[in-house]
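Structure, as C-alpha cells:
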Amino acid sequence: MMGIKRTVLALAAAAAVMFGGCGDDAVIHDQTEQTTITLSWWGNDSRNEYTIEAVHRFEQLHPEIKVKCSYSEWSGYEARSRVQMISGTEADVMQINVGWLSQYSPDGKGYYDLERLADTVDLSNFTSEMLDYGRRSGVLNAIPIAMNAETVYINKDIYDRYGLPVPKTWDDLFEAAKTLSGHGIYPLSGANKSLWLYCIAYTEQQTGKQIFDKDSRLAFDEADLKVMIDFYCRLVNEKVIPKTEDFQRYNLENGTYAGLIAWVSDALNYYKSVIDQGVQVIAADYTADDASQAGLGWYAKPATLYAVSKNTEHPKEAAELLDFMLNSDEWAELQGVEKGIPISSSVRRYLDSAGKLSGLQYEASQVMETNRLIKPMDPLVENADLYESFIEACDLVLFDKAASEEAAAQLYESYSKIYETV
Amino acid sequence: MADKARQRQGKRPRQGLRNISKVQLFMILGFAAIVIAAVTIVSRLALAKTDEVLKNKVVSLTSSLNVQMKLNMDSYLSRMETIATLAFGDKDAYTYDAADPDNDEFEAINTEKNITEKLYSLCIMENFVDYGIVYRNNRTVGKISNATATQFGDRIFTELSSMISRPRTNDGWSTGYGNDFKRIYYVKKVHENAVLVISLYASELDSVFDNPETLSDMDIRLVNGDMNMIYSKRSDEVGKPLPEEISSRIRGNSSASVLDNEYLVSVNSCGDWYVICSIPTQIILNEKNEITTFIAVTAIAAAALAVLMGLLLSWQLIRPIRRTVTTLDDKARIDLLTGVLNKLTFEEYAAGCLANSLDTEQHALLIIDIDNFKSVNDTLGHAYGDKVLKSTGAILREVFSEDDYIGRIGGDEFCVLVNTRADSDGEFREYLHDRCEALCGAYRSRFAGSDGSIRVSASIGAALWPADGRSFEELYSACDKALYSSKKAGRDTFRFYGADAESEVRQ
C-alpha cells in the first residue's frame, strides 16, 4: 500500500514538473529601437536614385538608425533649405552650397562644429586647405565633397559635321553660329546661372575687374553691367544661345544644342544619354579672347559640402552617416564622380582602383584642376537674386523695353540696394 | 523445502501463472493503448484547434495590415492630389496658355516666371520630382525635372494627357511609361491646352508601406491593373509582373485574403491599383511546427508517464495475486509429504514430455515400490511410515538428476521419468543400471534394520522409451510388468522390461 502511495506521489510530482511551465507570465517581445535622423540634398534624378540606395546600404549596416530623406532639384531645394534653416526644421545631415556658410553661419555658429565629431568622422582624408572651404570663424561647419566650376561642353560630332573647330574664343562662337543657325542649331546653351557666370567671365576678361572684390563688395559698375547685358543679348540675337527661358534639355539630345555651359558635376546629368548614343562630347577649354586668358574670370568652388545641423539631437548618428557619405567605399561605389572628383583621399584611391576616374566628368574636372587662372568663387556670385535680376534686365533689352544703358542702370541700382558697392 | 521442490520440479511453466502473466500483459498493453489513443486524440484535437486559431489569427492580422496599407496609400495619394489642386489657386496658372500664338513673348516670359514661382512655393517641402504645367506646344512651367523632360521628349503633352483616366475630376495616376516604374505621375487637366503634372519616386512609398519589424517577412507590394509591380520592398522587382503564384491566388478579387498550403495573400484595391500583402505559408507554419513539436513532446511524455504509472500499478496489483496463485499452484502440484510431484502432475508432465520427444531422444520410466510397506506401517506406526516415504522422496532426488521427473503415484509407489542424456543406448542403459543399483543401495544403507527398526527395501521396474512403449500409458504398462518381474524375483532388486528381464541382477 505504501509502495502504491509512493509511486503515485512520484508520478504526480513528475507531472507537476512537466506541466509546471504553463503559467500566466506576461509575454515580452523586444523590438529594435531606431533613432531617426534626417538627410537632405538637392540633385537630379540619378543623384536621387543612388543616394536613396546608398542610404539603404547605410541603414542595413546600422539597423539602429533610420534615415528620413528630403530632396529636391536645385531650384526648389534652395528655397526649402532657407525655410528649414529659418524655421529650425533643417535636416540633421545636409548637403549645402558653399554660399550658405556665409548666409547662415557668419560667425561659425550656424552649423554643428564637425571637429567635435572627429572620433567618428575621419577628417584625415582631407587636407587642411580643403577643410578651410568649410570653416567659418575657424569653426569647421562643413566638409567639401568635390570641387566644381562651370565648364564648356561641346558636342564634337556636330561641330565636326559642319567643319567647325572646337570653340576656344568668343569669336569662334559667333563664327560657329553663322554656320549652325541656318540649320536650327545653337553652338551653345545653358540655364540661367550658368549663363550669368559665363557673362561674368567675358566681362572680367574685357574690363580686367572682378565682379566682387576681396571684401565681397560689388566691384562692377553700370558700365561693366552694360558689357554683360550687351554680351548676353548679342549671344541671343546672333543665335549663339537660346534665351535661357527657352532652354530645353532634350535639345541636347536631339542635336539642336551643339554645346552647353554647365557645372563639372552636371556633365553626366545632361550628357549621359547623349554619350550612350555614341556621340562624342568633350570638355573644351574655358572660352577667352585668346588661349593665354583661358580661365580668367572663371571661378571654382566646392561642388557641395556636407554639414550637420547645430540643433541635431543625434550628433553621433549624424556623424556615422556623415562619415559613411564622405569616406566609405560603399557610398563611393554608388556616387562615383557624380558630384565631381571627390576630395576624400580614401575615396579617390577607391575610385582609381575601381577604374572610375575617367569619362566626361573626369575630363571636365581635369580642365578645372590644371587651369592656373581660375579663382576661388565668392559665394555671393551665386545668389539667385543677382542672376534672376540680370536675366530680367537682359529681357528688357531683348524685347525692346529698354536700352542696355537703361537696363544696366536699373540693374546696378537694384544690386546696390542689396550689396555693398566699391 | 517446498521452494526447493518447486525449483526442481518447476521446469515447466505453470498454466495459472501463465494466465496471470497474460492478464498482466494485456492490462499493460490495453492501458498503454488507451492512454496513447487518448493522448493522440487530445493532441490531434489540440493541434487542429491551434492550427485553426493560428490560421484565423494570421489571416485576420494580414487582412488588417493590408487594409491599413491601403488606407495609408489612399491618404498619401489624396494628400498629393490636394497639393496639386492648390495650383488652381493662382489665376495665371489655370488661365495662361503658353500655346496661344497671340501671346506677347515678353509678357509670356514674365507670366511663366510668376507661375513657376507660385508652383515652386506650393511644393517647397515635398520630395516631388516634378510639379509643373505642360502645354500643348510642350512648353513647361514650374518644376519639370530633366528626367521627365528626357523621358517624354517632345511628346510630353500628349503622353501626360493620356494619363488622365478619371472623367469626374479630369485627373489620373500612372506609372510604367516606357516600362519605367521609378517615378509615379499624377496628371490633372488645367484646360484644353495644359495639364498639371506631379511626379514622385516610387521609393517615396517606403514610408507608406513601412511595416512593423514583427511582420518583416511579409511582402508588401503595390501593383497596377495589369498586375505589374509599382512598389516593392525589393526594388529590383519593381516594374516586373507580380509573381504568378501570388497573382493566381487573388485573380478577380479586389478585397480578399486567401490562405492555402503555399501562400497567404491579401489584396485591397486602391483606385485602379492594388495593395497586396503576401507571405509563404511555410513561414507561418514554422511557428505552427514549433507548437506541434511542443504538443507532440508533451503528449509523448504524458503517454510515457501514464504507461509507466500503469506498469507500476499493475505490478503492485498483480504481485500479491501472483504470490497467492504460486502458492496454490505449488500445493496443487507437489506431494507435500515427499516433496515430489503428485500423481496427476507427474502423469501430465511425463505424458507431455514423451509426446513431444523425438525418437532419437532417450527416456526411461522407473516404478519404485517400497517392499513390505504395509508391515512397516503396521509394526512401527504411520508416523514411521511417513518418515520412510519422506526419506524416499529425498533418496530419489539424490539419486536422480534435476532433468528427471520424480512423482509419487500411489501410497508407497513412486515413478521417475529419466531424461538424462547419454551418448548411446548402451551407455543410457548402463546409466540406468547404475542409478537403480544406487537407489537400492541407498535403501539398504538407510533402512538396514540395525537400530531395531524394520529393514526397508525397494523394488524397481524399468522400461525404455520408445522401445517398450511410445505413450506414457504403454510405457507405464511395460514398466509395471518389469516391476512385477522384480517383485517376483524376490524384491529389493530391479528389472528391465522385455529381453532385459533375463539379465536381471540379483542383489
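Chains: A, B, ... in order of the C-alpha cells. Residues: from 1 per chain. Ligands: from 1, in order shown.
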
Interface residues on chain A facing chain B, 6 Å, only C-alpha atoms, written as JSON, numbers by chain: {"A": [71, 72, 80, 250]}

If you count only C-alpha atoms, which residues fall within 10 Å of stretch 286-292 of chain B, apart from same-chain ones fewer than 5 positions away, as number ranges by chain? B: 43-44, 46-48, 50-51, 54-55, 281, 297-298

Residue with the minimum atom-to-atom distance to B:Ala32, picked from B:Ala303, B:Ala332, B:Leu389, B:Ile370 with only C-alpha atoms counted, is B:Ala303

DSSP-assigned alpha helix (DSSP H) among stretch 257-420 of chain A, expressed as number ranges by chain: A: 267-276, 315-327, 329-335, 345-353, 360-370, 384-398, 404-418

Compare A:Ile200, A:Thr151, A:Ala288, A:Leu140 by their minimum atom-to-atom distance to A:Leu173, counting only C-alpha atoms, and give me the closest one.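 Answer, going by the shortest atom-to-atom distance: A:Ala288.
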
Do a neighbour search on A:Tyr270 at 12 Å with only C-alpha atoms, toss out local chain neighbours closer than 5 positions, and write the hits as a PyMOL selection string. (chain A and resi 44-46+153-155+189-191+248-253+257+259-265+275-276+281+338+360-361) or (chain B and resi 145-147+149-150)

Can you tell me which residues surround A:Glu129 at a distance of at most 12 Å, considering only C-alpha atoms, apart from same-chain residues fewer than 3 positions away, and format the answer as a ChimeraX atom specification? /A:125-126,132-135,140,143-144,302,343

For the selection you just gave me, I'd like the residues written to a file as a PDB file, in the first residue's frame, keeping C-alpha atoms.
```
ATOM      1  CA  ASN A 125      41.292  62.146 -45.722  1.00  0.00           C
ATOM      2  CA  PHE A 126      41.024  65.907 -46.265  1.00  0.00           C
ATOM      3  CA  ASP A 132      39.235  75.631 -44.924  1.00  0.00           C
ATOM      4  CA  TYR A 133      36.464  75.882 -47.544  1.00  0.00           C
ATOM      5  CA  GLY A 134      34.089  74.681 -44.835  1.00  0.00           C
ATOM      6  CA  ARG A 135      35.375  76.845 -41.966  1.00  0.00           C
ATOM      7  CA  LEU A 140      34.609  73.562 -39.174  1.00  0.00           C
ATOM      8  CA  ILE A 143      33.242  69.365 -45.354  1.00  0.00           C
ATOM      9  CA  PRO A 144      33.603  69.789 -49.107  1.00  0.00           C
ATOM     10  CA  PRO A 302      33.403  73.227 -53.598  1.00  0.00           C
ATOM     11  CA  ILE A 343      38.297  65.241 -52.403  1.00  0.00           C
TER      12      ILE A 343
END
```

Could you find all residues in stretch 190-416 of chain A that DSSP calls strand (DSSP E) from the backbone, and write them as a compact mmCIF listing (two decimals) with C-alpha atoms, in the first residue's frame?
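So the final result, stored in result-v4.txt, reads:
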```txt
# COMPACT_ATOMS: atom_id res chain seq x y z
CA GLY A 259 27.25 72.95 -76.72
CA LEU A 260 26.46 73.64 -73.09
CA ILE A 261 27.72 75.69 -70.19
CA ALA A 262 27.25 73.67 -67.02
CA TRP A 263 28.95 72.59 -63.81
CA VAL A 281 31.16 65.12 -76.17
CA ILE A 282 34.25 66.88 -74.83
CA ALA A 283 35.11 69.35 -72.06
CA ALA A 284 36.55 72.27 -74.00
CA TYR A 299 35.56 80.55 -60.63
CA ALA A 300 35.93 77.27 -58.79
CA LYS A 301 34.13 76.31 -55.62
CA PRO A 302 33.40 73.23 -53.60
CA ALA A 303 30.72 71.43 -55.59
CA THR A 304 28.76 70.74 -52.48
CA LEU A 305 29.54 70.37 -48.82
CA TYR A 306 28.06 68.31 -46.04
CA ALA A 307 27.06 69.95 -42.81
CA VAL A 308 25.32 68.84 -39.63
CA LYS A 375 39.99 81.62 -58.83
CA PRO A 376 38.06 80.58 -55.73
```

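Among the candidates B:Leu259, B:Phe414, B:Ala355, B:Leu285, the residue lying nearest to B:Asn342 is B:Phe414 (atoms considered: only C-alpha atoms).
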
Excluding B:Ile28 and its own-chain neighbours fewer than 6 positions away, which residues fall within 9 Å of it when counting only C-alpha atoms? Please give them as a JSON list (two decimals) with C-alpha atoms, in the first residue's frame.
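Result file is result-v4.json:
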```json
[["chain", "number", "residue", "atom", "x", "y", "z"],
["B", 307, "VAL", "CA", 2.20, 3.91, -19.23],
["B", 310, "GLY", "CA", 0.09, 1.78, -15.34],
["B", 311, "LEU", "CA", 3.05, -0.57, -15.30],
["B", 314, "SER", "CA", -0.39, -3.30, -12.39]]
```

Enter the distance from atom CA of B:Asn211 to atom CA of B:Ala84, in Å, rounded to one decimal. 27.6 Å

For stretch 57-70 of chain B, please output as a short mmCIF file (atom, residue, chain, number, x, y, z; two decimals) with C-alpha atoms, in the first residue's frame all residues within 8 Å (counting only C-alpha atoms; exclusion window: fewer than 3 positions along the same chain).
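The new file selection-v1.cif reads:
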```cif
data_model
loop_
_atom_site.label_atom_id
_atom_site.label_comp_id
_atom_site.auth_asym_id
_atom_site.auth_seq_id
_atom_site.Cartn_x
_atom_site.Cartn_y
_atom_site.Cartn_z
CA VAL B 53 -6.86 29.55 -34.38
CA LEU B 54 -3.39 30.36 -35.73
CA MET B 73 -1.88 54.70 -49.66
CA ASP B 74 -5.28 56.35 -50.11
CA VAL B 208 3.58 54.48 -46.81
CA PHE B 209 4.31 50.76 -46.73
CA ALA B 256 -9.91 39.40 -50.09
CA SER B 257 -7.49 37.27 -48.10
CA VAL B 258 -6.51 33.77 -49.18
CA LEU B 259 -4.60 31.18 -47.17
CA LEU B 264 -1.16 33.73 -47.51
CA SER B 266 -4.31 39.62 -49.02
CA VAL B 267 -5.47 42.22 -51.55
CA ASN B 268 -7.28 45.55 -51.42
CA SER B 269 -7.95 47.94 -54.27
CA CYS B 270 -6.71 51.48 -54.15
CA VAL B 275 -2.14 46.77 -52.40
CA ILE B 276 -1.04 43.16 -51.96
CA CYS B 277 0.43 41.59 -48.84
#
```

Would you mind listing what lies within 8 Å of stretch 169-181 of chain B as a list in words, with only C-alpha atoms counted and same-chain residues fewer than 4 positions away left out? Met163, Ile164, Ser165, Tyr185, Tyr186, Val187, Lys188, Lys189, Ala202, Ile230, Val238 and Gly239 of chain B

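For the pair atom CA of B:Leu344 and atom CA of B:Asp468, the separation is 22.2 Å.
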
What does the distance between atom CA of B:Asp434 and atom CA of B:Lys387 come to in Å, to one decimal place?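 Between atom CA of B:Asp434 and atom CA of B:Lys387 the gap is 25.5 Å.
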